[in-house]
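Text of target.cif, listed as mmCIF, C-alpha atoms:
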data_work
loop_
_atom_site.label_atom_id
_atom_site.label_comp_id
_atom_site.auth_asym_id
_atom_site.auth_seq_id
_atom_site.Cartn_x
_atom_site.Cartn_y
_atom_site.Cartn_z
CA MET A 1210 33.61 8.62 40.99
CA ARG A 1211 32.69 5.66 38.80
CA LYS A 1212 29.16 5.69 40.19
CA LEU A 1213 28.88 9.39 39.41
CA LEU A 1214 30.12 8.91 35.85
CA PHE A 1215 27.76 5.97 35.35
CA ALA A 1216 24.84 8.05 36.65
CA LEU A 1217 25.71 10.92 34.31
CA PHE A 1218 26.03 8.52 31.38
CA SER A 1219 22.64 6.98 32.19
CA ILE A 1220 21.03 10.43 32.33
CA LEU A 1221 22.54 11.40 28.98
CA LEU A 1222 21.50 8.10 27.42
CA PHE A 1223 17.97 8.51 28.73
CA ALA A 1224 17.80 12.08 27.41
CA PHE A 1225 19.07 10.94 24.01
CA ASN A 1226 16.49 8.14 23.79
CA ALA A 1227 13.73 10.46 24.94
CA ASN A 1228 14.56 12.90 22.17
CA ALA A 1229 15.09 10.26 19.47
CA GLN A 1230 12.54 10.70 16.73
CA ILE A 1231 9.79 8.16 16.37
CA TYR A 1232 8.44 8.33 12.84
CA LYS A 1233 4.71 8.04 12.30
CA ILE A 1234 4.17 5.71 9.34
CA ALA A 1235 0.77 5.03 7.81
CA VAL A 1236 -0.34 1.59 6.65
CA ASP A 1237 -3.68 0.11 5.66
CA ALA A 1238 -5.08 -2.26 8.29
CA ALA A 1239 -6.97 -4.29 5.68
CA TYR A 1240 -4.82 -4.69 2.57
CA PRO A 1241 -3.67 -8.32 2.38
CA PRO A 1242 -1.13 -9.61 1.58
CA PHE A 1243 0.67 -6.30 2.22
CA SER A 1244 -0.84 -5.34 5.58
CA PHE A 1245 -3.65 -7.00 7.50
CA LYS A 1246 -4.67 -8.33 10.89
CA LYS A 1247 -4.10 -12.01 11.61
CA GLY A 1248 -5.37 -13.03 15.01
CA ASP A 1249 -4.29 -10.34 17.43
CA THR A 1250 -1.36 -9.05 15.40
CA PHE A 1251 -0.83 -7.13 12.18
CA VAL A 1252 1.25 -8.84 9.51
CA GLY A 1253 1.96 -8.59 5.80
CA ILE A 1254 4.66 -7.94 3.23
CA GLU A 1255 4.93 -4.23 3.96
CA LEU A 1256 4.91 -4.61 7.75
CA ASP A 1257 7.56 -7.34 7.72
CA MET A 1258 9.65 -5.32 5.27
CA LEU A 1259 9.40 -2.13 7.34
CA ALA A 1260 10.38 -3.95 10.54
CA GLU A 1261 13.50 -5.40 8.89
CA ILE A 1262 14.50 -2.08 7.31
CA ALA A 1263 14.04 -0.17 10.58
CA LYS A 1264 16.13 -2.77 12.40
CA ARG A 1265 19.00 -2.48 9.92
CA GLU A 1266 18.88 1.32 9.68
CA ASP A 1267 18.28 1.78 13.42
CA PHE A 1268 15.21 4.01 13.43
CA SER A 1269 12.00 3.83 15.44
CA TYR A 1270 8.48 4.13 14.11
CA GLU A 1271 4.85 4.05 15.16
CA LEU A 1272 2.23 2.54 12.88
CA LYS A 1273 -0.81 4.64 12.00
CA PHE A 1274 -3.64 2.61 10.49
CA MET A 1275 -5.56 4.71 8.00
CA ASN A 1276 -8.03 4.38 5.13
CA PHE A 1277 -6.18 4.84 1.87
CA ASP A 1278 -7.98 8.06 0.91
CA GLY A 1279 -6.53 9.77 3.99
CA VAL A 1280 -2.90 8.78 3.44
CA ILE A 1281 -1.75 11.40 0.91
CA PRO A 1282 -3.61 14.23 2.71
CA GLY A 1283 -2.03 12.99 5.95
CA LEU A 1284 1.44 13.29 4.45
CA VAL A 1285 0.79 16.75 3.03
CA SER A 1286 -0.64 18.05 6.33
CA GLY A 1287 2.22 16.58 8.38
CA GLN A 1288 -0.07 14.29 10.34
CA ILE A 1289 2.20 11.39 9.38
CA ASP A 1290 5.89 11.25 8.42
CA GLY A 1291 5.75 8.44 5.88
CA ALA A 1292 3.39 5.98 4.27
CA LEU A 1293 3.77 2.37 3.23
CA ASP A 1294 0.32 1.59 1.98
CA GLY A 1295 0.41 -0.05 -1.45
CA ILE A 1296 1.04 3.40 -2.94
CA ASN A 1297 1.64 3.36 -6.67
CA ILE A 1298 4.16 5.82 -8.08
CA SER A 1299 2.37 8.26 -10.40
CA GLU A 1300 3.21 11.61 -11.98
CA GLU A 1301 0.29 13.24 -10.20
CA ARG A 1302 1.45 12.05 -6.79
CA LYS A 1303 5.05 13.09 -7.49
CA LYS A 1304 3.85 16.69 -7.40
CA ILE A 1305 3.06 16.48 -3.68
CA VAL A 1306 5.12 13.56 -2.28
CA ASP A 1307 8.61 12.12 -2.67
CA PHE A 1308 8.91 8.41 -3.38
CA SER A 1309 11.49 5.83 -2.38
CA ASP A 1310 12.87 3.28 -4.80
CA GLY A 1311 10.10 0.91 -5.87
CA TYR A 1312 9.74 -2.33 -3.94
CA PHE A 1313 6.96 -4.17 -5.80
CA LYS A 1314 5.74 -4.06 -9.40
CA SER A 1315 2.02 -4.57 -9.59
CA GLY A 1316 -0.70 -4.37 -12.21
CA LEU A 1317 -4.19 -2.93 -12.09
CA CYS A 1318 -6.84 -5.49 -13.03
CA VAL A 1319 -10.59 -5.62 -13.55
CA VAL A 1320 -12.64 -7.91 -11.29
CA THR A 1321 -16.13 -9.15 -12.13
CA ARG A 1322 -18.57 -11.85 -11.06
CA ILE A 1323 -17.65 -15.35 -12.20
CA SER A 1324 -21.00 -15.60 -13.94
CA ASP A 1325 -20.47 -12.37 -15.89
CA ASP A 1326 -18.75 -12.90 -19.24
CA ARG A 1327 -19.46 -9.47 -20.72
CA ILE A 1328 -15.96 -8.10 -20.08
CA LYS A 1329 -13.31 -9.91 -22.12
CA GLU A 1330 -11.30 -7.01 -23.51
CA PHE A 1331 -10.69 -3.35 -22.73
CA SER A 1332 -13.43 -2.01 -25.00
CA ASP A 1333 -16.00 -4.09 -23.09
CA LEU A 1334 -15.73 -1.66 -20.18
CA LYS A 1335 -17.68 0.93 -22.14
CA GLY A 1336 -20.96 1.92 -20.51
CA LYS A 1337 -20.34 -0.21 -17.41
CA THR A 1338 -20.69 0.77 -13.75
CA ALA A 1339 -17.46 0.69 -11.75
CA ALA A 1340 -17.09 0.46 -7.98
CA ILE A 1341 -14.19 2.76 -7.04
CA LYS A 1342 -12.14 3.04 -3.86
CA LYS A 1343 -11.37 6.67 -3.11
CA GLY A 1344 -7.79 7.82 -3.46
CA THR A 1345 -6.54 4.76 -5.34
CA TYR A 1346 -4.84 4.13 -8.66
CA GLY A 1347 -8.10 2.57 -9.81
CA MET A 1348 -9.91 5.85 -9.14
CA GLU A 1349 -7.27 7.71 -11.16
CA PHE A 1350 -7.80 5.35 -14.11
CA ALA A 1351 -11.60 5.52 -13.89
CA GLU A 1352 -11.77 9.29 -13.71
CA LYS A 1353 -9.33 9.73 -16.60
CA ASN A 1354 -11.33 7.31 -18.76
CA LYS A 1355 -14.83 8.15 -17.55
CA LYS A 1356 -15.81 10.15 -20.64
CA ALA A 1357 -14.10 7.96 -23.25
CA LEU A 1358 -15.58 4.76 -21.82
CA ASP A 1359 -18.87 6.28 -20.63
CA LEU A 1360 -18.21 4.86 -17.16
CA HIS A 1361 -20.65 5.22 -14.27
CA LEU A 1362 -18.68 5.57 -11.03
CA GLN A 1363 -19.69 4.59 -7.52
CA TYR A 1364 -17.28 5.63 -4.76
CA TYR A 1365 -16.44 3.66 -1.61
CA LEU A 1366 -13.96 4.00 1.25
CA LEU A 1367 -13.14 0.33 1.91
CA SER A 1368 -11.95 -2.47 -0.39
CA PRO A 1369 -14.53 -5.03 0.90
CA ASP A 1370 -17.31 -2.65 -0.16
CA LEU A 1371 -16.11 -2.85 -3.78
CA ALA A 1372 -16.46 -6.62 -3.89
CA LEU A 1373 -19.84 -6.47 -2.17
CA ALA A 1374 -21.13 -3.96 -4.74
CA VAL A 1375 -20.14 -6.27 -7.61
CA ARG A 1376 -21.51 -9.41 -5.93
CA ASN A 1377 -24.84 -7.66 -5.29
CA HIS A 1378 -25.07 -6.48 -8.92
CA ASN A 1379 -24.83 -2.82 -7.86
CA ALA A 1380 -21.70 -2.49 -10.03
CA ASP A 1381 -20.34 -4.39 -13.01
CA PHE A 1382 -16.70 -4.40 -11.95
CA PHE A 1383 -14.11 -2.99 -9.62
CA MET A 1384 -10.36 -2.52 -9.98
CA GLU A 1385 -7.65 -3.81 -7.71
CA ASP A 1386 -3.91 -4.41 -7.81
CA TYR A 1387 -3.26 -7.91 -9.11
CA PRO A 1388 -1.29 -9.37 -6.16
CA VAL A 1389 -3.96 -8.24 -3.71
CA ILE A 1390 -7.00 -9.67 -5.47
CA SER A 1391 -5.25 -12.83 -6.65
CA TYR A 1392 -4.23 -13.55 -3.03
CA GLN A 1393 -7.78 -13.00 -1.81
CA ILE A 1394 -9.30 -15.23 -4.48
CA LYS A 1395 -6.69 -17.90 -3.82
CA ILE A 1396 -7.45 -18.16 -0.10
CA GLY A 1397 -11.21 -18.11 -0.67
CA GLU A 1398 -11.99 -14.61 0.58
CA GLN A 1399 -13.46 -13.48 -2.73
CA GLN A 1400 -15.71 -16.35 -3.74
CA GLY A 1401 -17.86 -15.70 -6.77
CA LEU A 1402 -15.39 -13.24 -8.29
CA LYS A 1403 -12.83 -13.52 -11.06
CA ILE A 1404 -10.11 -11.45 -12.70
CA ALA A 1405 -11.50 -10.43 -16.11
CA LEU A 1406 -8.66 -8.19 -17.34
CA ARG A 1407 -5.05 -7.73 -16.21
CA ASP A 1408 -2.65 -4.79 -16.50
CA ILE A 1409 -5.21 -2.34 -17.85
CA TYR A 1410 -3.32 0.75 -16.66
CA GLY A 1411 0.42 0.47 -17.08
CA SER A 1412 2.54 -1.47 -14.62
CA PRO A 1413 2.33 0.48 -11.35
CA VAL A 1414 5.13 0.17 -8.82
CA TYR A 1415 4.65 0.37 -5.04
CA ALA A 1416 6.92 2.72 -3.12
CA PHE A 1417 7.34 4.35 0.29
CA ALA A 1418 6.23 8.01 0.36
CA VAL A 1419 7.00 11.13 2.40
CA LYS A 1420 5.84 14.73 2.09
CA LYS A 1421 7.58 16.47 -0.80
CA GLY A 1422 10.75 18.20 0.33
CA GLU A 1423 10.63 16.80 3.88
CA ASN A 1424 11.84 13.72 5.81
CA GLN A 1425 14.71 13.11 3.40
CA GLU A 1426 16.64 11.31 6.14
CA LEU A 1427 13.80 8.82 6.59
CA LEU A 1428 13.59 8.34 2.83
CA ASP A 1429 17.34 7.72 2.58
CA MET A 1430 17.24 5.18 5.41
CA PHE A 1431 14.35 3.37 3.79
CA ASN A 1432 16.17 3.18 0.44
CA ALA A 1433 19.36 1.94 2.08
CA GLY A 1434 17.50 -0.72 4.04
CA LEU A 1435 15.47 -1.78 1.02
CA LYS A 1436 18.63 -2.22 -1.03
CA SER A 1437 20.16 -4.28 1.76
CA ILE A 1438 17.24 -6.71 2.15
CA LYS A 1439 16.98 -7.14 -1.62
CA GLU A 1440 20.68 -7.89 -2.03
CA ASP A 1441 20.88 -10.58 0.65
CA GLY A 1442 17.61 -12.33 -0.27
CA THR A 1443 15.62 -11.26 2.79
CA PHE A 1444 13.03 -9.45 0.68
CA ASP A 1445 12.35 -12.57 -1.39
CA LYS A 1446 11.87 -14.57 1.80
CA ILE A 1447 9.31 -12.03 3.01
CA LEU A 1448 7.41 -12.23 -0.30
CA LYS A 1449 7.30 -16.03 -0.16
CA ARG A 1450 5.55 -15.90 3.21
CA TYR A 1451 2.50 -14.44 1.52
CA ILE A 1452 2.52 -14.96 -2.24
CA GLU A 1453 3.91 -17.43 -4.73
#

Take the structure I supplied and represent it as structure tokens, if you would.
Amino acid sequence: MRKLLFALFSILLFAFNANAQIYKIAVDAAYPPFSFKKGDTFVGIELDMLAEIAKREDFSYELKFMNFDGVIPGLVSGQIDGALDGINISEERKKIVDFSDGYFKSGLCVVTRISDDRIKEFSDLKGKTAAIKKGTYGMEFAEKNKKALDLHLQYYLLSPDLALAVRNHNADFFMEDYPVISYQIKIGEQQGLKIALRDIYGSPVYAFAVKKGENQELLDMFNAGLKSIKEDGTFDKILKRYIE
């Protein structure tokens, strides 16, 4: 009888696990220090944070590595359930996605060549050529200010292409979130570049995103886990692994 009960329990447990939802969560495979490949594994602030939150809230997930410009469309189409991809909260994005509580306050900055001293204040951007990564907060800023600043925009899919365009004198500047570019410059990945202007477009906050009106349970679990790791100091420990 005990063997029969154990067998039935095992079958039920297997069926439950088989039907347990595995959330598809998008991240950027090349966005240090938030998500990037180190050796044969993917690491970063967002990946470490997600792993700890999922452990505490007991949910399973599968990472989907995507270019940033495909993340929001992927959420809207249902291709992915959530996204943790250095996504800044904005009023435009709130129309189509729901955001979690913010987990990191950033700042959009202007990056130029070290040898280029033409950009020292906001008005110096006028008439310049900007390298823009599609789908980013930097693109939003550039397109909103294109007419007022007489900007010439060049669009790219990948962050490394922005830096290459500026280094090769094909663009005067590009825009990146401060923690990302400062980390890259610090470790020597962006030699020949400097931060010319900081916080040119508000103080954007990173948050987890889901399709508007859907996956509320996932959003609630993320918020609960985020609150937990912030309160006990785990989040600060994660940050210190990658940035000062």

Selected by the PyMOL selection byres ((chain A and resi 1335) around 7) in the shown coordinates: which residues, as a ChimeraX atom specification?
/A:1332-1334,1336-1337,1358-1360

Atoms to include: C-alpha atoms. Write the selected residues as an mmCIF file, keeping the file's coordinate frame.
data_model
loop_
_atom_site.group_PDB
_atom_site.id
_atom_site.type_symbol
_atom_site.label_atom_id
_atom_site.label_comp_id
_atom_site.auth_asym_id
_atom_site.auth_seq_id
_atom_site.Cartn_x
_atom_site.Cartn_y
_atom_site.Cartn_z
ATOM 1 C CA SER A 1332 -13.430 -2.010 -25.000
ATOM 2 C CA ASP A 1333 -16.000 -4.090 -23.090
ATOM 3 C CA LEU A 1334 -15.730 -1.660 -20.180
ATOM 4 C CA GLY A 1336 -20.960 1.920 -20.510
ATOM 5 C CA LYS A 1337 -20.340 -0.210 -17.410
ATOM 6 C CA LEU A 1358 -15.580 4.760 -21.820
ATOM 7 C CA ASP A 1359 -18.870 6.280 -20.630
ATOM 8 C CA LEU A 1360 -18.210 4.860 -17.160
#

For A:Ala1380, which residue out of A:Glu1349, A:Ser1437, A:Asp1325, A:Gln1425 is the nearest one, using only C-alpha atoms?
A:Asp1325

Determine the residue set returned by the PyMOL selection byres ((chain A and resi 1252-1257) around 12) for the present structure, and present it as a PyMOL selection string.
chain A and resi 1234-1251+1258-1264+1270-1274+1292-1296+1312-1313+1388-1389+1392+1415-1417+1435+1438+1443-1452

Using the chain letters and numbers from the file, give me the residues hit by the PyMOL selection byres ((chain A and resi 1352) around 12), as a ChimeraX atom specification.
/A:1339-1351,1353-1364

Among listed residues A:Val1414, A:Leu1371, A:Ala1405, A:Val1280, nearest A:Glu1330 (using all atoms listed in the file)
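The closest residue to A:Glu1330 is A:Ala1405.
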
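For A:Ala1418, the residues within 7 Å (counting all atoms listed in the file, excluding itself and residues fewer than 5 positions away along the chain) are Gly1291, Ala1292, Leu1293, Val1306, Asp1307, Phe1308 and Ser1309 of chain A.
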
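Atom CA of A:Ile1305 is found 14.0 Å from atom CA of A:Gly1279.
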
I need the residue nearest A:Ser1299 from this list: A:Ser1368, A:Asn1424, A:Asn1432, A:Ser1412. Use only C-alpha atoms for the distance.
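Among the listed residues, the smallest separation from A:Ser1299 belongs to A:Ser1412.
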
So which one's closest to A:Asp1267, A:Ala1374, A:Gln1399, A:Gly1316, A:Tyr1232? Using all atoms listed in the file, please.
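Among A:Ala1374, A:Gln1399, A:Gly1316, A:Tyr1232, it is A:Tyr1232 that comes nearest to A:Asp1267.
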
When you draw a straight line from atom CA of A:Gly1434 to atom CA of A:Pro1282, how long is it in Å?
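Calculated distance between atom CA of A:Gly1434 and atom CA of A:Pro1282 is 25.9 Å.
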
If I take atom CA of A:Arg1327 and atom CA of A:Gly1397, how far is one from the other in Å, to one decimal?
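Computing the Euclidean distance for atom CA of A:Arg1327 and atom CA of A:Gly1397 yields 23.3 Å.
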
Compile the contact shell of A:His1378 as a list in words: residues with an atom at most 10 Å away, counting only C-alpha atoms, same-chain residues fewer than 5 positions apart removed.
Thr1321, Arg1322, Thr1338, Ala1372 and Leu1373 of chain A

Taking into account all atoms listed in the file, which residue in the set A:Glu1426, A:Asp1290, A:Asp1310, A:Asp1326 is nearest to A:Ile1404?
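The shortest atom-to-atom distance to A:Ile1404 comes from A:Asp1326.
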